[in-house]
file query_38.pdb (PDB, C-alpha atoms)
ATOM      1  CA  ASN A   1      95.319  86.228  96.256  1.00  0.00           C
ATOM      2  CA  ALA A   2      98.949  86.879  95.328  1.00  0.00           C
ATOM      3  CA  GLY A   3      98.751  90.691  95.529  1.00  0.00           C
ATOM      4  CA  VAL A   4     101.448  92.378  93.429  1.00  0.00           C
ATOM      5  CA  THR A   5     104.091  90.161  91.892  1.00  0.00           C
ATOM      6  CA  GLN A   6     107.211  91.152  89.966  1.00  0.00           C
ATOM      7  CA  THR A   7     109.372  89.195  87.543  1.00  0.00           C
ATOM      8  CA  PRO A   8     112.335  88.744  87.648  1.00  0.00           C
ATOM      9  CA  LYS A   9     113.655  89.241  91.190  1.00  0.00           C
ATOM     10  CA  PHE A  10     117.236  89.850  90.083  1.00  0.00           C
ATOM     11  CA  ARG A  11     118.869  90.683  86.769  1.00  0.00           C
ATOM     12  CA  VAL A  12     122.315  91.683  85.560  1.00  0.00           C
ATOM     13  CA  LEU A  13     122.590  93.453  82.209  1.00  0.00           C
ATOM     14  CA  LYS A  14     125.418  94.798  80.133  1.00  0.00           C
ATOM     15  CA  THR A  15     125.294  98.398  78.960  1.00  0.00           C
ATOM     16  CA  GLY A  16     123.137  98.651  75.855  1.00  0.00           C
ATOM     17  CA  GLN A  17     121.107  95.510  76.458  1.00  0.00           C
ATOM     18  CA  SER A  18     117.352  95.642  76.708  1.00  0.00           C
ATOM     19  CA  MET A  19     114.919  93.992  79.074  1.00  0.00           C
ATOM     20  CA  THR A  20     111.328  94.057  80.282  1.00  0.00           C
ATOM     21  CA  LEU A  21     110.191  93.919  83.876  1.00  0.00           C
ATOM     22  CA  LEU A  22     106.768  92.432  84.436  1.00  0.00           C
ATOM     23  CA  CYS A  23     104.346  93.463  87.155  1.00  0.00           C
ATOM     24  CA  ALA A  24     101.083  91.653  87.783  1.00  0.00           C
ATOM     25  CA  GLN A  25      98.287  92.312  90.261  1.00  0.00           C
ATOM     26  CA  ASP A  26      95.226  90.202  90.956  1.00  0.00           C
ATOM     27  CA  MET A  27      93.203  92.796  92.896  1.00  0.00           C
ATOM     28  CA  ASN A  28      91.497  94.391  89.877  1.00  0.00           C
ATOM     29  CA  HIS A  29      93.182  97.710  90.645  1.00  0.00           C
ATOM     30  CA  GLU A  30      92.929 100.539  88.147  1.00  0.00           C
ATOM     31  CA  TYR A  31      96.114 102.353  89.164  1.00  0.00           C
ATOM     32  CA  MET A  32      99.585 100.896  88.737  1.00  0.00           C
ATOM     33  CA  TYR A  33     102.992 102.479  89.266  1.00  0.00           C
ATOM     34  CA  TRP A  34     106.665 101.846  88.622  1.00  0.00           C
ATOM     35  CA  TYR A  35     109.179 103.264  91.099  1.00  0.00           C
ATOM     36  CA  ARG A  36     112.918 103.052  91.449  1.00  0.00           C
ATOM     37  CA  GLN A  37     114.676 103.181  94.788  1.00  0.00           C
ATOM     38  CA  ASP A  38     118.254 104.328  95.140  1.00  0.00           C
ATOM     39  CA  PRO A  39     120.294 104.951  98.300  1.00  0.00           C
ATOM     40  CA  GLY A  40     119.947 108.535  99.463  1.00  0.00           C
ATOM     41  CA  MET A  41     117.347 109.302  96.785  1.00  0.00           C
ATOM     42  CA  GLY A  42     114.260 107.654  98.169  1.00  0.00           C
ATOM     43  CA  LEU A  43     111.495 106.354  95.949  1.00  0.00           C
ATOM     44  CA  ARG A  44     111.046 108.040  92.574  1.00  0.00           C
ATOM     45  CA  LEU A  45     108.125 107.524  90.235  1.00  0.00           C
ATOM     46  CA  ILE A  46     109.080 106.410  86.729  1.00  0.00           C
ATOM     47  CA  HIS A  47     105.703 105.925  85.026  1.00  0.00           C
ATOM     48  CA  TYR A  48     102.188 105.193  86.126  1.00  0.00           C
ATOM     49  CA  SER A  49      98.878 104.057  84.672  1.00  0.00           C
ATOM     50  CA  VAL A  50      95.320 104.967  85.610  1.00  0.00           C
ATOM     51  CA  GLY A  51      93.722 102.132  83.686  1.00  0.00           C
ATOM     52  CA  GLU A  52      94.093  99.607  80.907  1.00  0.00           C
ATOM     53  CA  GLY A  53      95.570 101.162  77.807  1.00  0.00           C
ATOM     54  CA  THR A  54      96.741 104.349  79.583  1.00  0.00           C
ATOM     55  CA  THR A  55     100.192 105.393  80.771  1.00  0.00           C
ATOM     56  CA  ALA A  56     101.728 108.632  82.020  1.00  0.00           C
ATOM     57  CA  LYS A  57     105.185 109.928  82.901  1.00  0.00           C
ATOM     58  CA  GLY A  58     106.406 110.254  86.448  1.00  0.00           C
ATOM     59  CA  GLU A  59     109.430 112.114  87.777  1.00  0.00           C
ATOM     60  CA  VAL A  60     112.171 110.109  86.054  1.00  0.00           C
ATOM     61  CA  PRO A  61     110.748 108.615  82.829  1.00  0.00           C
ATOM     62  CA  ASP A  62     113.774 109.019  80.558  1.00  0.00           C
ATOM     63  CA  GLY A  63     115.236 105.730  79.340  1.00  0.00           C
ATOM     64  CA  TYR A  64     112.115 103.744  80.225  1.00  0.00           C
ATOM     65  CA  ASN A  65     108.945 102.776  78.406  1.00  0.00           C
ATOM     66  CA  VAL A  66     105.799 101.160  79.769  1.00  0.00           C
ATOM     67  CA  SER A  67     102.711  99.404  78.528  1.00  0.00           C
ATOM     68  CA  ARG A  68      99.392  98.446  80.119  1.00  0.00           C
ATOM     69  CA  LEU A  69      97.721  96.228  77.546  1.00  0.00           C
ATOM     70  CA  LYS A  70      95.860  94.255  80.201  1.00  0.00           C
ATOM     71  CA  LYS A  71      94.453  95.682  83.407  1.00  0.00           C
ATOM     72  CA  GLN A  72      96.349  93.238  85.580  1.00  0.00           C
ATOM     73  CA  ASN A  73      99.771  93.754  83.982  1.00  0.00           C
ATOM     74  CA  PHE A  74     102.118  96.735  83.828  1.00  0.00           C
ATOM     75  CA  LEU A  75     105.362  96.274  81.913  1.00  0.00           C
ATOM     76  CA  LEU A  76     108.486  98.389  82.287  1.00  0.00           C
ATOM     77  CA  GLY A  77     110.978  98.315  79.443  1.00  0.00           C
ATOM     78  CA  LEU A  78     114.580  99.416  79.202  1.00  0.00           C
ATOM     79  CA  GLU A  79     115.540  99.709  75.536  1.00  0.00           C
ATOM     80  CA  SER A  80     119.239 100.367  76.026  1.00  0.00           C
ATOM     81  CA  ALA A  81     120.336  99.867  79.607  1.00  0.00           C
ATOM     82  CA  ALA A  82     122.834 102.259  81.204  1.00  0.00           C
ATOM     83  CA  PRO A  83     124.771 101.920  84.477  1.00  0.00           C
ATOM     84  CA  SER A  84     122.703 104.805  85.869  1.00  0.00           C
ATOM     85  CA  GLN A  85     119.695 102.491  85.719  1.00  0.00           C
ATOM     86  CA  THR A  86     121.191 100.182  88.309  1.00  0.00           C
ATOM     87  CA  SER A  87     118.557 100.266  91.010  1.00  0.00           C
ATOM     88  CA  VAL A  88     115.806  98.401  92.803  1.00  0.00           C
ATOM     89  CA  TYR A  89     112.539  98.661  90.880  1.00  0.00           C
ATOM     90  CA  PHE A  90     109.182  98.443  92.620  1.00  0.00           C
ATOM     91  CA  CYS A  91     105.768  98.061  91.099  1.00  0.00           C
ATOM     92  CA  ALA A  92     102.703  99.147  93.041  1.00  0.00           C
ATOM     93  CA  SER A  93      98.957  99.272  92.587  1.00  0.00           C
ATOM     94  CA  SER A  94      95.918 100.904  94.123  1.00  0.00           C
ATOM     95  CA  TYR A  95      92.148 100.941  93.636  1.00  0.00           C
ATOM     96  CA  SER A  96      91.897 104.729  93.770  1.00  0.00           C
ATOM     97  CA  SER A  97      94.002 107.801  93.173  1.00  0.00           C
ATOM     98  CA  GLY A  98      95.050 108.152  96.805  1.00  0.00           C
ATOM     99  CA  GLY A  99      98.599 106.913  96.249  1.00  0.00           C
ATOM    100  CA  PRO A 100     100.063 103.410  95.886  1.00  0.00           C
ATOM    101  CA  ARG A 101      98.579 100.935  98.336  1.00  0.00           C
ATOM    102  CA  PHE A 102     100.291  97.655  97.573  1.00  0.00           C
ATOM    103  CA  PHE A 103     103.875  97.182  96.476  1.00  0.00           C
ATOM    104  CA  GLY A 104     105.577  94.210  94.870  1.00  0.00           C
ATOM    105  CA  PRO A 105     108.729  92.641  96.324  1.00  0.00           C
ATOM    106  CA  GLY A 106     111.044  94.482  93.934  1.00  0.00           C
ATOM    107  CA  THR A 107     113.472  93.691  91.133  1.00  0.00           C
ATOM    108  CA  ARG A 108     117.147  94.304  91.766  1.00  0.00           C
ATOM    109  CA  LEU A 109     118.777  95.346  88.485  1.00  0.00           C
ATOM    110  CA  THR A 110     122.484  95.803  87.938  1.00  0.00           C
ATOM    111  CA  VAL A 111     123.794  97.299  84.695  1.00  0.00           C
ATOM    112  CA  LEU A 112     127.476  96.748  84.079  1.00  0.00           C
TER     113      LEU A 112
ATOM    114  CA  GLY B   1     110.596 122.011  94.703  1.00  0.00           C
ATOM    115  CA  GLN B   2     108.737 120.292  97.489  1.00  0.00           C
ATOM    116  CA  GLN B   3     110.696 118.170  99.892  1.00  0.00           C
ATOM    117  CA  LEU B   4     109.764 116.050 102.857  1.00  0.00           C
ATOM    118  CA  ASN B   5     112.192 115.948 105.742  1.00  0.00           C
ATOM    119  CA  GLN B   6     112.041 112.996 108.072  1.00  0.00           C
ATOM    120  CA  SER B   7     113.635 112.868 111.479  1.00  0.00           C
ATOM    121  CA  PRO B   8     115.367 111.221 113.004  1.00  0.00           C
ATOM    122  CA  GLN B   9     117.270 109.538 110.173  1.00  0.00           C
ATOM    123  CA  SER B  10     117.795 106.472 112.328  1.00  0.00           C
ATOM    124  CA  MET B  11     116.883 105.166 115.751  1.00  0.00           C
ATOM    125  CA  PHE B  12     118.190 102.329 117.870  1.00  0.00           C
ATOM    126  CA  ILE B  13     115.916 101.436 120.757  1.00  0.00           C
ATOM    127  CA  GLN B  14     115.242  98.720 123.296  1.00  0.00           C
ATOM    128  CA  GLU B  15     112.311  96.396 122.867  1.00  0.00           C
ATOM    129  CA  GLY B  16     109.316  97.756 124.745  1.00  0.00           C
ATOM    130  CA  GLU B  17     110.202 101.422 124.266  1.00  0.00           C
ATOM    131  CA  ASP B  18     107.905 103.873 122.524  1.00  0.00           C
ATOM    132  CA  VAL B  19     109.056 105.486 119.284  1.00  0.00           C
ATOM    133  CA  SER B  20     108.287 108.890 117.794  1.00  0.00           C
ATOM    134  CA  MET B  21     109.242 110.147 114.368  1.00  0.00           C
ATOM    135  CA  ASN B  22     108.100 113.034 112.243  1.00  0.00           C
ATOM    136  CA  CYS B  23     107.885 114.354 108.749  1.00  0.00           C
ATOM    137  CA  THR B  24     107.912 118.026 107.805  1.00  0.00           C
ATOM    138  CA  SER B  25     107.299 119.908 104.602  1.00  0.00           C
ATOM    139  CA  SER B  26     108.062 123.409 103.373  1.00  0.00           C
ATOM    140  CA  SER B  27     104.547 123.598 101.928  1.00  0.00           C
ATOM    141  CA  ILE B  28     101.039 122.524 102.820  1.00  0.00           C
ATOM    142  CA  PHE B  29      99.946 118.950 102.211  1.00  0.00           C
ATOM    143  CA  ASN B  30      96.380 117.649 101.941  1.00  0.00           C
ATOM    144  CA  THR B  31      97.250 114.015 102.521  1.00  0.00           C
ATOM    145  CA  TRP B  32      99.905 112.236 104.514  1.00  0.00           C
ATOM    146  CA  LEU B  33     100.797 108.602 103.979  1.00  0.00           C
ATOM    147  CA  TRP B  34     103.043 106.501 106.196  1.00  0.00           C
ATOM    148  CA  TYR B  35     104.729 103.356 104.883  1.00  0.00           C
ATOM    149  CA  LYS B  36     107.039 100.745 106.368  1.00  0.00           C
ATOM    150  CA  GLN B  37     109.652  98.870 104.373  1.00  0.00           C
ATOM    151  CA  ASP B  38     111.125  95.658 105.703  1.00  0.00           C
ATOM    152  CA  PRO B  39     114.621  94.695 104.501  1.00  0.00           C
ATOM    153  CA  GLY B  40     114.466  93.263 100.980  1.00  0.00           C
ATOM    154  CA  GLU B  41     110.744  93.951 100.600  1.00  0.00           C
ATOM    155  CA  GLY B  42     108.514  96.595  99.091  1.00  0.00           C
ATOM    156  CA  PRO B  43     106.906  99.314 101.232  1.00  0.00           C
ATOM    157  CA  VAL B  44     103.641  98.595 103.005  1.00  0.00           C
ATOM    158  CA  LEU B  45     101.079 101.324 103.607  1.00  0.00           C
ATOM    159  CA  LEU B  46     100.498 101.706 107.343  1.00  0.00           C
ATOM    160  CA  ILE B  47      98.282 104.749 107.772  1.00  0.00           C
ATOM    161  CA  ALA B  48      96.693 107.388 105.547  1.00  0.00           C
ATOM    162  CA  LEU B  49      95.680 110.826 106.877  1.00  0.00           C
ATOM    163  CA  TYR B  50      93.358 113.218 105.055  1.00  0.00           C
ATOM    164  CA  LYS B  51      92.395 116.040 107.446  1.00  0.00           C
ATOM    165  CA  ALA B  52      94.385 118.501 109.513  1.00  0.00           C
ATOM    166  CA  GLY B  53      94.405 117.423 113.145  1.00  0.00           C
ATOM    167  CA  GLU B  54      93.356 113.874 112.278  1.00  0.00           C
ATOM    168  CA  LEU B  55      94.672 111.183 114.614  1.00  0.00           C
ATOM    169  CA  THR B  56      94.539 107.613 113.290  1.00  0.00           C
ATOM    170  CA  SER B  57      95.674 104.348 114.825  1.00  0.00           C
ATOM    171  CA  ASN B  58      96.630 100.996 113.369  1.00  0.00           C
ATOM    172  CA  GLY B  59      97.350  98.617 116.225  1.00  0.00           C
ATOM    173  CA  ARG B  60     100.331  99.972 118.139  1.00  0.00           C
ATOM    174  CA  LEU B  61     100.904 102.667 115.534  1.00  0.00           C
ATOM    175  CA  THR B  62      99.369 106.119 115.761  1.00  0.00           C
ATOM    176  CA  ALA B  63      99.816 108.868 113.205  1.00  0.00           C
ATOM    177  CA  GLN B  64      98.722 112.487 113.305  1.00  0.00           C
ATOM    178  CA  PHE B  65      98.139 115.065 110.592  1.00  0.00           C
ATOM    179  CA  GLY B  66      99.651 118.276 111.942  1.00  0.00           C
ATOM    180  CA  ILE B  67      97.313 121.249 112.299  1.00  0.00           C
ATOM    181  CA  THR B  68      99.640 123.459 110.240  1.00  0.00           C
ATOM    182  CA  ARG B  69      99.308 120.860 107.426  1.00  0.00           C
ATOM    183  CA  LYS B  70     103.081 121.019 107.057  1.00  0.00           C
ATOM    184  CA  ASP B  71     103.915 118.094 109.276  1.00  0.00           C
ATOM    185  CA  SER B  72     102.893 114.641 110.394  1.00  0.00           C
ATOM    186  CA  PHE B  73     103.943 112.367 113.226  1.00  0.00           C
ATOM    187  CA  LEU B  74     104.135 108.606 113.661  1.00  0.00           C
ATOM    188  CA  ASN B  75     104.320 106.941 117.047  1.00  0.00           C
ATOM    189  CA  ILE B  76     104.899 103.285 117.809  1.00  0.00           C
ATOM    190  CA  SER B  77     104.076 102.080 121.296  1.00  0.00           C
ATOM    191  CA  ALA B  78     105.770  99.174 123.077  1.00  0.00           C
ATOM    192  CA  SER B  79     108.139  98.362 120.215  1.00  0.00           C
ATOM    193  CA  ILE B  80     108.868  94.758 119.284  1.00  0.00           C
ATOM    194  CA  PRO B  81     111.626  93.248 117.096  1.00  0.00           C
ATOM    195  CA  SER B  82     109.374  93.016 114.031  1.00  0.00           C
ATOM    196  CA  ASP B  83     109.036  96.821 114.049  1.00  0.00           C
ATOM    197  CA  VAL B  84     112.525  96.924 112.543  1.00  0.00           C
ATOM    198  CA  GLY B  85     112.567  98.570 109.131  1.00  0.00           C
ATOM    199  CA  ILE B  86     112.483 101.905 107.376  1.00  0.00           C
ATOM    200  CA  TYR B  87     109.470 104.166 107.843  1.00  0.00           C
ATOM    201  CA  PHE B  88     108.625 106.561 105.032  1.00  0.00           C
ATOM    202  CA  CYS B  89     106.222 109.456 104.881  1.00  0.00           C
ATOM    203  CA  ALA B  90     104.768 110.609 101.582  1.00  0.00           C
ATOM    204  CA  GLY B  91     102.313 113.167 100.308  1.00  0.00           C
ATOM    205  CA  PRO B  92     100.936 114.444  97.002  1.00  0.00           C
ATOM    206  CA  ASN B  93     102.823 116.911  94.856  1.00  0.00           C
ATOM    207  CA  ASN B  94     101.992 120.575  94.334  1.00  0.00           C
ATOM    208  CA  ALA B  95      99.096 119.827  92.036  1.00  0.00           C
ATOM    209  CA  GLY B  96      97.503 117.571  94.639  1.00  0.00           C
ATOM    210  CA  ASN B  97      98.062 114.644  92.313  1.00  0.00           C
ATOM    211  CA  ASN B  98      98.165 111.648  94.577  1.00  0.00           C
ATOM    212  CA  ARG B  99      99.593 109.581  91.741  1.00  0.00           C
ATOM    213  CA  LYS B 100     102.824 111.572  92.032  1.00  0.00           C
ATOM    214  CA  LEU B 101     103.877 111.459  95.639  1.00  0.00           C
ATOM    215  CA  ILE B 102     106.707 113.295  97.314  1.00  0.00           C
ATOM    216  CA  TRP B 103     108.615 110.871  99.543  1.00  0.00           C
ATOM    217  CA  GLY B 104     110.789 111.399 102.573  1.00  0.00           C
ATOM    218  CA  LEU B 105     114.117 109.572 102.797  1.00  0.00           C
ATOM    219  CA  GLY B 106     112.921 107.480 105.702  1.00  0.00           C
ATOM    220  CA  THR B 107     113.596 106.823 109.368  1.00  0.00           C
ATOM    221  CA  SER B 108     115.488 103.590 109.936  1.00  0.00           C
ATOM    222  CA  LEU B 109     114.438 101.800 113.118  1.00  0.00           C
ATOM    223  CA  ALA B 110     116.466  99.122 114.880  1.00  0.00           C
ATOM    224  CA  VAL B 111     115.074  97.330 117.936  1.00  0.00           C
ATOM    225  CA  ASN B 112     117.305  95.554 120.421  1.00  0.00           C
ATOM    226  CA  PRO B 113     115.471  92.556 121.878  1.00  0.00           C
TER     227      PRO B 113
END
call {"tool": "encode", "arguments": {"input": "query_38.pdb", "output": "structure tokens"}}
result
Amino acid sequence: NAGVTQTPKFRVLKTGQSMTLLCAQDMNHEYMYWYRQDPGMGLRLIHYSVGEGTTAKGEVPDGYNVSRLKKQNFLLGLESAAPSQTSVYFCASSYSSGGPRFFGPGTRLTVL
Amino acid sequence: GQQLNQSPQSMFIQEGEDVSMNCTSSSIFNTWLWYKQDPGEGPVLLIALYKAGELTSNGRLTAQFGITRKDSFLNISASIPSDVGIYFCAGPNNAGNNRKLIWGLGTSLAVNP
């Protein structure tokens, strides 16, 4: 039981490049979330999903897109990376709507 | 908008000491969640509180849902070095949507062995 895994762990992009962050969970959870964590800002919700094929916007969705084609996977895409998207990205999942229960180890993204 | 204020911002204690931290809100919350984040890791849910006045323990950790519903407290008894990390409180937004949590900025705990 791996829990929540994230790929990659680290990434450096140039402004304007695109990339996809992959989150996978093996707990059959319905709810999945993408957060970003910045110093002094705390955790901020980017997008979330309440089930396969569904996605919804969080607090800071601009510049990001997501997809949940399979229940166990939640992808976060950056179409044209900007330096303001330099952050640590966390994926999380839960079996109910009571908030994220399990977090992944994070992806540290730097946009130059 | 809603904000959660955590205090203290940081603590440096001796191993074996008890720790108290709190989280306050300008508005009423129906749920309080407490998480711990170890350096370089994602947060881990420690305790969830759902009723005013509720007192819940998880090992050496005890959390309380304040009776005013505008605050919550986390206590750690007999601290040990592995308690080091950042402790976050969180609660649902105005609409009671637990998918969109409001987060505090955390209390950073350092333990001197």
call {"tool": "resolve_selection", "arguments": {"input": "query_38.pdb", "expression": "the ChimeraX specification (/B :<7) & /A", "output": "count of residues only"}}
result
16
call {"tool": "closest_residue", "arguments": {"input": "query_38.pdb", "among": "B:Val111, B:Ser20, B:Asn5, B:Ser10", "to": "Ile80 in chain B", "atoms": "all atoms listed in the file"}}
result
B:Val111
call {"tool": "resolve_selection", "arguments": {"input": "query_38.pdb", "expression": "the PyMOL selection byres ((chain B and resi 73) around 6)", "output": "ChimeraX atom specification"}}
result
/B:21-22,63-64,72,74
call {"tool": "residues_around", "arguments": {"input": "query_38.pdb", "residues": "range 109-112 of chain A", "least_positions_apart": "4", "cutoff": "8 Å", "atoms": "all atoms listed in the file", "output": "list in words"}}
result
Phe10, Arg11, Val12, Leu13, Lys14, Thr15, Ala81, Ala82, Pro83, Ser84, Gln85, Thr86, Ser87, Val88 and Tyr89 of chain A
call {"tool": "atom_distance", "arguments": {"input": "query_38.pdb", "atom1": "CA of Tyr95 in chain A", "atom2": "CA of His29 in chain A"}}
result
4.5 Å
call {"tool": "residues_around", "arguments": {"input": "query_38.pdb", "residues": "Leu76 in chain A", "least_positions_apart": "4", "cutoff": "9 Å", "atoms": "all atoms listed in the file", "output": "list in words"}}
result
Met19, Thr20, Leu21, Leu22, Cys23, Trp34, His47, Tyr64, Asn65, Val66 and Ser67 of chain A
call {"tool": "atom_distance", "arguments": {"input": "query_38.pdb", "atom1": "CA of Glu59 in chain A", "atom2": "CA of Gly85 in chain B"}}
result
25.5 Å
call {"tool": "resolve_selection", "arguments": {"input": "query_38.pdb", "expression": "the PyMOL selection byres ((chain B and resi 27) around 10)", "output": "PyMOL selection string"}}
result
chain B and resi 1-4+24-26+28-29+68-71+93-94
call {"tool": "write_last_selection", "arguments": {"input": "query_38.pdb", "atoms": "C-alpha atoms", "output": "PDB file, keeping the file's coordinate frame"}}
result
ATOM      1  CA  GLY B   1     110.596 122.011  94.703  1.00  0.00           C
ATOM      2  CA  GLN B   2     108.737 120.292  97.489  1.00  0.00           C
ATOM      3  CA  GLN B   3     110.696 118.170  99.892  1.00  0.00           C
ATOM      4  CA  LEU B   4     109.764 116.050 102.857  1.00  0.00           C
ATOM      5  CA  THR B  24     107.912 118.026 107.805  1.00  0.00           C
ATOM      6  CA  SER B  25     107.299 119.908 104.602  1.00  0.00           C
ATOM      7  CA  SER B  26     108.062 123.409 103.373  1.00  0.00           C
ATOM      8  CA  ILE B  28     101.039 122.524 102.820  1.00  0.00           C
ATOM      9  CA  PHE B  29      99.946 118.950 102.211  1.00  0.00           C
ATOM     10  CA  THR B  68      99.640 123.459 110.240  1.00  0.00           C
ATOM     11  CA  ARG B  69      99.308 120.860 107.426  1.00  0.00           C
ATOM     12  CA  LYS B  70     103.081 121.019 107.057  1.00  0.00           C
ATOM     13  CA  ASP B  71     103.915 118.094 109.276  1.00  0.00           C
ATOM     14  CA  ASN B  93     102.823 116.911  94.856  1.00  0.00           C
ATOM     15  CA  ASN B  94     101.992 120.575  94.334  1.00  0.00           C
TER      16      ASN B  94
END
call {"tool": "atom_distance", "arguments": {"input": "query_38.pdb", "atom1": "CA of Ile86 in chain B", "atom2": "CA of Lys51 in chain B"}}
result
24.6 Å
